[in-house]
Amino acid sequence: MEVTCLLLLALIPFHCRGQGVYAPAQAQIVHAGQACVVKEDNISERVYTIREGDTLMLQCLVTGHPRPQVRWTKTAGSASDKFQETSVFNETLRIERIARTQGGRYYCKAENGVGVPAIKSIRVDVQYLDEPVLTVHQTVSDVRGNFYQEKTVFLRCTVNSNPPARFIWKRGSDTLSHSQDNGVDIYEPLYTQGETKVLKLKNLRPQDYASYTCQVSVRNVCGIPDKAITFRLTNTTAPPALKLSVNETLVVNPGENVTVQCLLTGGDPLPQLQWSHGPGPLPLGAVAQSGTLSIPSVQARDSGYYNCTATNNVGNPAKKTVNLLVRSMKNATFQITPDVIKESENIQLGQDLKLSCHVDAVPQEKVTYQWFKNGKPARMSKRLLVTRNDPELPAVTSSLELIDLHFSDYGTYLCVASFPGAPVPDLSVEVNISSETVPPTISVPKGRAVVTVREGSPAELQCEVRGKPRPPVLWSRVDKEAALLPSGLPLEETPDGKLRLEHVSRDMSGTYRCQTARYNGFNVRPREAQVQLNVQFPPEVEPSSQDVRQALGRPVLLRCSLLRGSPQRIASAVWRFKGQLLPSPPAVPVAAEAPDHSELRLDAVTRDSSGSYECSISNDVGSATCLFQVSAKAYSPEFYFDTPNPTRSHKLSKNYSYVLQWTQREPDAVDPLLNYRLSVRQLNQHNAMVKAIPVRRVEKGQLLEYILTDLRVPHSYEVRLTPYTTFGAGDMASRIIHYTEPINSPNLSDNTCHFEDEKICGYTQDLTDNFDWTRQNALTQNPKRSPNTGPPTDISGTPEGYYMFIETSRPRELGDRARLVSPLYNASAKFYCVSFFYHMYGKHIGSLNLLVRSRNKGALDTHAWSLSGNKGNVWQQAHVPINPSGPFQIIFEGVRGSGYLGDIAIDDVTLKKGECPRKQMDPNKVVVMPGSGAPRQPHPQLWGPMVIFLLALQR
């Protein structure tokens, strides 16, 4: 029968609505997740409240034509970093396990190129309640005697929460208040971190020694329970006190095992001890246990501050710090400083000269320096002085000053740095002073001032340094916008003056500076030079891809432009059609300026000239391609998604019709449309109905409409629509049509609720009953459900069809009630008729009641119909007349019987104006379920297509 329905699918002649259907995007945010509450605050802002750790789901409902695209953002920039398992470009935003930092204002931006984008926002308020922290303090001035003898004590309770927490203080099981006890004050201090409430005990009394509980509450918002913390105050309660087993500064040799003990000297309750290291975590292999810190085979990298902290929530934490210094030396450097007073940059006899020596050491101040000349210790004299701290040089630098330089002062000077008595190797640096010792000069080798390489290749920048001694070369970038080198550093040292770059990219192009270092050479003004790096890269072109549409017989001009490249000129341009080489375009005259594009003109678009065109532009380094798809085929249709109430249910059947609307994208770009080819296929099936729909002249913005009929509830369908011109088939557009059940309304007399949609026609579960009605079908029902009860399928007999039922198994008890409440209807007639199918099969069937809730003067429920007991494995129909006096709702009440074999189901509810038919039971409406042994009557919904088919044959 499914195939028959598809073959008989009718397409009612469509209507055309004029220009103006294109509409800018509109948006609305709705929630679909685990919201605790959605409310309006005092500035009419929608606030969505959710508990920390729950799943946030926001949906951006959009209208507008063409269909708008949606992007989600968050206050202070895009929230894509925060989103999990979702795309910020989906209409639904989903964040798993939302954190408190993810609260804020969320925006959905919808745009479709018509008018301005639509932007809507909603504020997400994340609720949480942390564990409270309770600390105990005494008055600062009390420093003598026992800690709590005739003292004032403060119990401070702090918590982080949203919304603000409510505090309750208890002594034992008794709640304390601010005014009930002269010895107790409760107040909020100023300038505190988080929410804080202080309990002040003035001049401790014997009864004040007790257990105190701070209970915090956010009044069960989002189901967050209260939390509490308890502290026992005694006459021995005291803050922690510490001492260390070593001095605050501990100097050790590398390779030694280090053990530091942190000893408790006071504190009640017993404090907790914790070691930490700054900066960074404890060294790998370090063990902290019971106040003892052990570091095996300590290395220089383990130097730093180690903190021992004791806490027991009384007073302030006690803290002791050990500065661990592991002896080490590295980076021995020297400097030669000519006579500064005479502003000389050369070594000259008769002038002063200073040699400086420095090492980076730990501890720096314990380093000793020795100077040697020509292998022998240097002798101090009036002309040879040794100084340790020169304000012009790094700290703890040794300088050897030669006053009134003589020829005899020429020689080799050796500086040796050491840690006396420590197993740390000495470091030394050697300086040769002679007539050949000259300050440096720097230059770029001939032909190396400009270096040109291709992108992805290695490059080497070179500067030559002359002089003796020859210092290292420091490289940096001149370009302000690119201050860092490719290594990510602002400066890079090269001992040979060559900066080597691997896999250069176009952003490495620019000017590089080389300069002499002030160390390991002359301490004079740096000498510098510059090298230009040019990185060649293939061209970038536009358009990379373009769809060109034109009517048959009309000319087309294709243009491929060079955007950027190095070199920035076109060496060659080659055109191809469907992979075949085309003749070269006319050459540019020699005197003309070098072109930045290439063009190809087609005199007329034909079926033979339609296809793929490529233009390859080269610039001696590489090439890039512009791709053009030229044709005379029509653009795709654009489905209209904002059709009001597109779904229409058919009276007393499981069929529905759908209003399909669309516009044609750019119809004037090609030849006039002749017809559309429509294909309709039920999802999960292969057979499809195909029909040609003739059209007259279609204008841009014209709304076309067809009505698809005899679609099966609740199935979804794929619709494909292809435009045709004299050229042939155009671009196809497809969409999925989902069945959405219309909201039941007495104004629509032919409207039946089949419960096929999750919204169940606007019906809701009563919040005052014992349990809920359940929506299910044969595919979703529990395979282990109790036998001999409940319907196997809905009224249509199809496994996909849904119905509503009450599940009477545990924990349900005798007399439990489930109520399903309809939307509120305005009474516009004196009489109405409620028609519905019911299924009451089982040994323990209770009762099914129909109530009418009048909203004229408050809510008043009256019984309109009732039925009890087992009625067999059949669907039966009831017609119940009602005459409401004002706005009203109908209520289906299922009452649980004496046992679990008592499931009751309802389906196909209709509310219409007028009186009910006199015949309460129609034999054709009695549907016997499989296995009952009785014949099954044909369902009326199957007659409709047959009648249509017979009428069509007669015509």
# chains A, B, ... in the order shown; residues from 1 in each chain; ligands from 1
$ select_by_dssp --residues "region 397-498 of chain A" --states "strand (DSSP E or B)" --output "ChimeraX atom specification"
/A:398-402,411-418,427-433,438-443,450-454,459-462,464-468,473-477,492-494,498
$ residues_around --residues "region 617-623 of chain A" --least-positions-apart "4" --cutoff "7 Å" --atoms "only C-alpha atoms" --output "PyMOL selection string"
chain A and resi 536-539+567+569-574
$ residues_around --residues "Thr910 (chain A)" --least-positions-apart "6" --cutoff "7 Å" --atoms "only C-alpha atoms" --output "ChimeraX atom specification"
/A:751-753,834-836
$ atom_distance --atom1 "CA of Glu492 (chain A)" --atom2 "CA of Ser476 (chain A)"
6.9 Å
$ residues_around --residues "Lys151 (chain A)" --least-positions-apart "5" --cutoff "7 Å" --atoms "only C-alpha atoms" --output "VMD selection string"
chain A and resid 138 203 to 204
$ write_last_selection --atoms "C-alpha atoms" --output "compact mmCIF listing (two decimals), in the first residue's frame"
# COMPACT_ATOMS: atom_id res chain seq x y z
CA GLN A 138 41.90 35.41 67.53
CA ASN A 203 35.58 36.74 75.67
CA LEU A 204 35.33 32.98 75.52
$ select_by_dssp --residues "region 131-238 of chain A" --states "helix (DSSP H, G or I)" --output "ChimeraX atom specification"
/A:206-208,221-223
$ residues_around --residues "Arg67 (chain A)" --least-positions-apart "3" --cutoff "12 Å" --atoms "only C-alpha atoms" --output "PyMOL selection string"
chain A and resi 21-27+61-64+70+91+110-114+637-642+662-663+735
$ residues_around --residues "Pro225 (chain A)" --least-positions-apart "2" --cutoff "12 Å" --atoms "only C-alpha atoms" --output "list in words"
Arg51, Gln127, Tyr128, Leu129, Asp130, Glu131, Ala165, Gln215, Val216, Ser217, Val218, Arg219, Asn220, Val221, Cys222, Gly223, Lys227 and Ala228 of chain A
$ residues_around --residues "Thr780 (chain A)" --least-positions-apart "5" --cutoff "12 Å" --atoms "only C-alpha atoms" --output "mmCIF file with all heavy atoms, in the first residue's frame"
data_model
loop_
_atom_site.group_PDB
_atom_site.id
_atom_site.type_symbol
_atom_site.label_atom_id
_atom_site.label_comp_id
_atom_site.auth_asym_id
_atom_site.auth_seq_id
_atom_site.Cartn_x
_atom_site.Cartn_y
_atom_site.Cartn_z
ATOM 1 N N THR A 774 2.933 8.103 28.751
ATOM 2 C CA THR A 774 4.143 7.810 27.984
ATOM 3 C C THR A 774 3.798 7.754 26.500
ATOM 4 O O THR A 774 2.772 7.181 26.113
ATOM 5 C CB THR A 774 4.763 6.471 28.416
ATOM 6 O OG1 THR A 774 5.027 6.513 29.817
ATOM 7 C CG2 THR A 774 6.051 6.204 27.648
ATOM 8 N N ARG A 775 4.659 8.349 25.666
ATOM 9 C CA ARG A 775 4.497 8.299 24.213
ATOM 10 C C ARG A 775 5.416 7.218 23.655
ATOM 11 O O ARG A 775 6.623 7.234 23.918
ATOM 12 C CB ARG A 775 4.841 9.660 23.599
ATOM 13 C CG ARG A 775 4.867 9.685 22.078
ATOM 14 C CD ARG A 775 5.182 11.097 21.581
ATOM 15 N NE ARG A 775 5.440 11.107 20.148
ATOM 16 C CZ ARG A 775 6.644 10.982 19.601
ATOM 17 N NH1 ARG A 775 7.707 10.848 20.375
ATOM 18 N NH2 ARG A 775 6.804 10.994 18.285
ATOM 19 N N ARG A 785 8.023 -6.061 28.165
ATOM 20 C CA ARG A 785 6.843 -5.587 28.890
ATOM 21 C C ARG A 785 5.918 -6.761 29.208
ATOM 22 O O ARG A 785 5.997 -7.842 28.603
ATOM 23 C CB ARG A 785 6.111 -4.529 28.085
ATOM 24 C CG ARG A 785 5.345 -5.052 26.885
ATOM 25 C CD ARG A 785 4.541 -3.947 26.262
ATOM 26 N NE ARG A 785 3.661 -4.473 25.228
ATOM 27 C CZ ARG A 785 2.756 -3.745 24.608
ATOM 28 N NH1 ARG A 785 2.617 -2.483 24.917
ATOM 29 N NH2 ARG A 785 1.977 -4.275 23.686
ATOM 30 N N PRO A 792 -0.290 -3.622 20.690
ATOM 31 C CA PRO A 792 1.002 -3.857 20.016
ATOM 32 C C PRO A 792 1.378 -2.711 19.074
ATOM 33 O O PRO A 792 2.555 -2.469 18.840
ATOM 34 C CB PRO A 792 0.776 -5.158 19.257
ATOM 35 C CG PRO A 792 -0.701 -5.226 19.039
ATOM 36 C CD PRO A 792 -1.339 -4.544 20.221
ATOM 37 N N THR A 793 0.382 -2.005 18.503
ATOM 38 C CA THR A 793 0.650 -0.880 17.598
ATOM 39 C C THR A 793 -0.392 0.194 17.858
ATOM 40 O O THR A 793 -1.326 0.013 18.653
ATOM 41 C CB THR A 793 0.571 -1.306 16.117
ATOM 42 O OG1 THR A 793 -0.770 -1.676 15.817
ATOM 43 C CG2 THR A 793 1.515 -2.457 15.816
ATOM 44 N N PRO A 799 4.090 -0.094 12.592
ATOM 45 C CA PRO A 799 5.015 -0.075 13.743
ATOM 46 C C PRO A 799 5.558 1.306 14.051
ATOM 47 O O PRO A 799 6.006 1.545 15.170
ATOM 48 C CB PRO A 799 6.136 -1.029 13.299
ATOM 49 C CG PRO A 799 6.060 -1.068 11.806
ATOM 50 C CD PRO A 799 4.618 -0.890 11.467
ATOM 51 N N GLU A 800 5.508 2.231 13.072
ATOM 52 C CA GLU A 800 6.050 3.568 13.318
ATOM 53 C C GLU A 800 5.066 4.479 14.044
ATOM 54 O O GLU A 800 5.453 5.523 14.562
ATOM 55 C CB GLU A 800 6.471 4.239 12.004
ATOM 56 C CG GLU A 800 7.567 3.516 11.240
ATOM 57 C CD GLU A 800 7.015 2.458 10.304
ATOM 58 O OE1 GLU A 800 5.763 2.307 10.252
ATOM 59 O OE2 GLU A 800 7.809 1.778 9.636
ATOM 60 N N GLY A 801 3.787 4.130 14.040
ATOM 61 C CA GLY A 801 2.770 5.008 14.592
ATOM 62 C C GLY A 801 2.835 5.093 16.109
ATOM 63 O O GLY A 801 3.005 4.086 16.816
ATOM 64 N N TYR A 802 2.686 6.304 16.633
ATOM 65 C CA TYR A 802 2.770 6.537 18.076
ATOM 66 C C TYR A 802 1.385 6.599 18.703
ATOM 67 O O TYR A 802 0.375 6.900 18.055
ATOM 68 C CB TYR A 802 3.504 7.841 18.361
ATOM 69 C CG TYR A 802 5.010 7.736 18.243
ATOM 70 C CD1 TYR A 802 5.637 7.941 17.021
ATOM 71 C CD2 TYR A 802 5.799 7.427 19.342
ATOM 72 C CE1 TYR A 802 7.013 7.842 16.900
ATOM 73 C CE2 TYR A 802 7.178 7.325 19.236
ATOM 74 C CZ TYR A 802 7.781 7.537 18.013
ATOM 75 O OH TYR A 802 9.143 7.446 17.903
ATOM 76 N N TYR A 803 1.350 6.333 20.003
ATOM 77 C CA TYR A 803 0.138 6.488 20.817
ATOM 78 C C TYR A 803 0.591 6.847 22.230
ATOM 79 O O TYR A 803 1.778 6.774 22.573
ATOM 80 C CB TYR A 803 -0.699 5.204 20.818
ATOM 81 C CG TYR A 803 0.058 3.967 21.280
ATOM 82 C CD1 TYR A 803 0.097 3.597 22.634
ATOM 83 C CD2 TYR A 803 0.733 3.160 20.367
ATOM 84 C CE1 TYR A 803 0.799 2.483 23.047
ATOM 85 C CE2 TYR A 803 1.437 2.039 20.771
ATOM 86 C CZ TYR A 803 1.465 1.699 22.122
ATOM 87 O OH TYR A 803 2.160 0.588 22.536
#
$ atom_distance --atom1 "CA of Val246 (chain A)" --atom2 "CA of Val260 (chain A)"
6.6 Å
$ closest_residue --among "A:Gly872, A:Thr236, A:Ser847, A:Leu824" --to "Ser898 (chain A)" --atoms "only C-alpha atoms"
A:Ser847
$ decode --residues "region 280-311 of chain A" --atoms "N, CA and C atoms" --output "mmCIF file, in the first residue's frame"
data_model
loop_
_atom_site.group_PDB
_atom_site.id
_atom_site.type_symbol
_atom_site.label_atom_id
_atom_site.label_comp_id
_atom_site.auth_asym_id
_atom_site.auth_seq_id
_atom_site.Cartn_x
_atom_site.Cartn_y
_atom_site.Cartn_z
ATOM 1 N N GLY A 280 57.661 26.405 39.326
ATOM 2 C CA GLY A 280 57.475 25.066 38.810
ATOM 3 C C GLY A 280 57.228 24.050 39.895
ATOM 4 N N PRO A 281 56.943 22.801 39.500
ATOM 5 C CA PRO A 281 56.655 21.736 40.463
ATOM 6 C C PRO A 281 57.927 21.242 41.142
ATOM 7 N N LEU A 282 57.765 20.318 42.083
ATOM 8 C CA LEU A 282 58.917 19.695 42.723
ATOM 9 C C LEU A 282 59.727 18.926 41.685
ATOM 10 N N PRO A 283 61.054 18.835 41.870
ATOM 11 C CA PRO A 283 61.886 18.118 40.888
ATOM 12 C C PRO A 283 61.453 16.667 40.737
ATOM 13 N N LEU A 284 61.716 16.123 39.547
ATOM 14 C CA LEU A 284 61.412 14.730 39.280
ATOM 15 C C LEU A 284 62.254 13.857 40.210
ATOM 16 N N GLY A 285 61.640 12.956 40.923
ATOM 17 C CA GLY A 285 62.349 12.088 41.868
ATOM 18 C C GLY A 285 62.293 12.586 43.289
ATOM 19 N N ALA A 286 61.877 13.842 43.507
ATOM 20 C CA ALA A 286 61.772 14.375 44.859
ATOM 21 C C ALA A 286 60.622 13.700 45.593
ATOM 22 N N VAL A 287 60.805 13.448 46.909
ATOM 23 C CA VAL A 287 59.788 12.797 47.730
ATOM 24 C C VAL A 287 59.500 13.682 48.927
ATOM 25 N N ALA A 288 58.206 14.049 49.109
ATOM 26 C CA ALA A 288 57.771 14.833 50.261
ATOM 27 C C ALA A 288 56.838 13.968 51.088
ATOM 28 N N GLN A 289 57.240 13.654 52.331
ATOM 29 C CA GLN A 289 56.452 12.762 53.166
ATOM 30 C C GLN A 289 56.623 13.138 54.630
ATOM 31 N N SER A 290 55.484 13.375 55.314
ATOM 32 C CA SER A 290 55.467 13.676 56.753
ATOM 33 C C SER A 290 56.409 14.823 57.107
ATOM 34 N N GLY A 291 56.427 15.850 56.272
ATOM 35 C CA GLY A 291 57.238 17.017 56.577
ATOM 36 C C GLY A 291 58.678 16.900 56.159
ATOM 37 N N THR A 292 59.089 15.774 55.581
ATOM 38 C CA THR A 292 60.474 15.585 55.148
ATOM 39 C C THR A 292 60.540 15.631 53.629
ATOM 40 N N LEU A 293 61.411 16.496 53.096
ATOM 41 C CA LEU A 293 61.611 16.616 51.658
ATOM 42 C C LEU A 293 62.965 16.036 51.308
ATOM 43 N N SER A 294 62.976 15.049 50.382
ATOM 44 C CA SER A 294 64.220 14.406 49.955
ATOM 45 C C SER A 294 64.381 14.589 48.460
ATOM 46 N N ILE A 295 65.571 15.081 48.050
ATOM 47 C CA ILE A 295 65.900 15.244 46.639
ATOM 48 C C ILE A 295 67.171 14.467 46.371
ATOM 49 N N PRO A 296 67.093 13.321 45.671
ATOM 50 C CA PRO A 296 68.306 12.541 45.417
ATOM 51 C C PRO A 296 69.120 13.150 44.279
ATOM 52 N N SER A 297 70.454 13.080 44.398
ATOM 53 C CA SER A 297 71.390 13.499 43.349
ATOM 54 C C SER A 297 70.973 14.849 42.748
ATOM 55 N N VAL A 298 71.001 15.885 43.576
ATOM 56 C CA VAL A 298 70.508 17.195 43.180
ATOM 57 C C VAL A 298 71.342 17.776 42.043
ATOM 58 N N GLN A 299 70.693 18.477 41.129
ATOM 59 C CA GLN A 299 71.357 19.094 39.991
ATOM 60 C C GLN A 299 71.120 20.602 39.998
ATOM 61 N N ALA A 300 71.854 21.307 39.144
ATOM 62 C CA ALA A 300 71.752 22.766 39.111
ATOM 63 C C ALA A 300 70.330 23.223 38.797
ATOM 64 N N ARG A 301 69.621 22.482 37.951
ATOM 65 C CA ARG A 301 68.249 22.880 37.592
ATOM 66 C C ARG A 301 67.286 22.778 38.766
ATOM 67 N N ASP A 302 67.693 22.104 39.854
ATOM 68 C CA ASP A 302 66.823 21.959 41.020
ATOM 69 C C ASP A 302 66.902 23.142 41.965
ATOM 70 N N SER A 303 67.763 24.128 41.666
ATOM 71 C CA SER A 303 67.856 25.308 42.516
ATOM 72 C C SER A 303 66.518 26.034 42.563
ATOM 73 N N GLY A 304 66.287 26.732 43.666
ATOM 74 C CA GLY A 304 65.048 27.496 43.780
ATOM 75 C C GLY A 304 64.563 27.544 45.206
ATOM 76 N N TYR A 305 63.366 28.109 45.380
ATOM 77 C CA TYR A 305 62.771 28.261 46.709
ATOM 78 C C TYR A 305 61.818 27.099 46.974
ATOM 79 N N TYR A 306 62.005 26.446 48.122
ATOM 80 C CA TYR A 306 61.151 25.342 48.554
ATOM 81 C C TYR A 306 60.379 25.793 49.787
ATOM 82 N N ASN A 307 59.047 25.677 49.698
ATOM 83 C CA ASN A 307 58.173 26.184 50.749
ATOM 84 C C ASN A 307 57.508 25.037 51.487
ATOM 85 N N CYS A 308 57.573 25.094 52.806
ATOM 86 C CA CYS A 308 56.855 24.153 53.661
ATOM 87 C C CYS A 308 55.716 24.933 54.322
ATOM 88 N N THR A 309 54.483 24.489 54.111
ATOM 89 C CA THR A 309 53.320 25.197 54.625
ATOM 90 C C THR A 309 52.512 24.256 55.508
ATOM 91 N N ALA A 310 52.131 24.756 56.700
ATOM 92 C CA ALA A 310 51.315 23.993 57.641
ATOM 93 C C ALA A 310 49.978 24.699 57.826
ATOM 94 N N THR A 311 48.879 23.961 57.672
ATOM 95 C CA THR A 311 47.541 24.543 57.824
ATOM 96 C C THR A 311 46.685 23.637 58.692
#
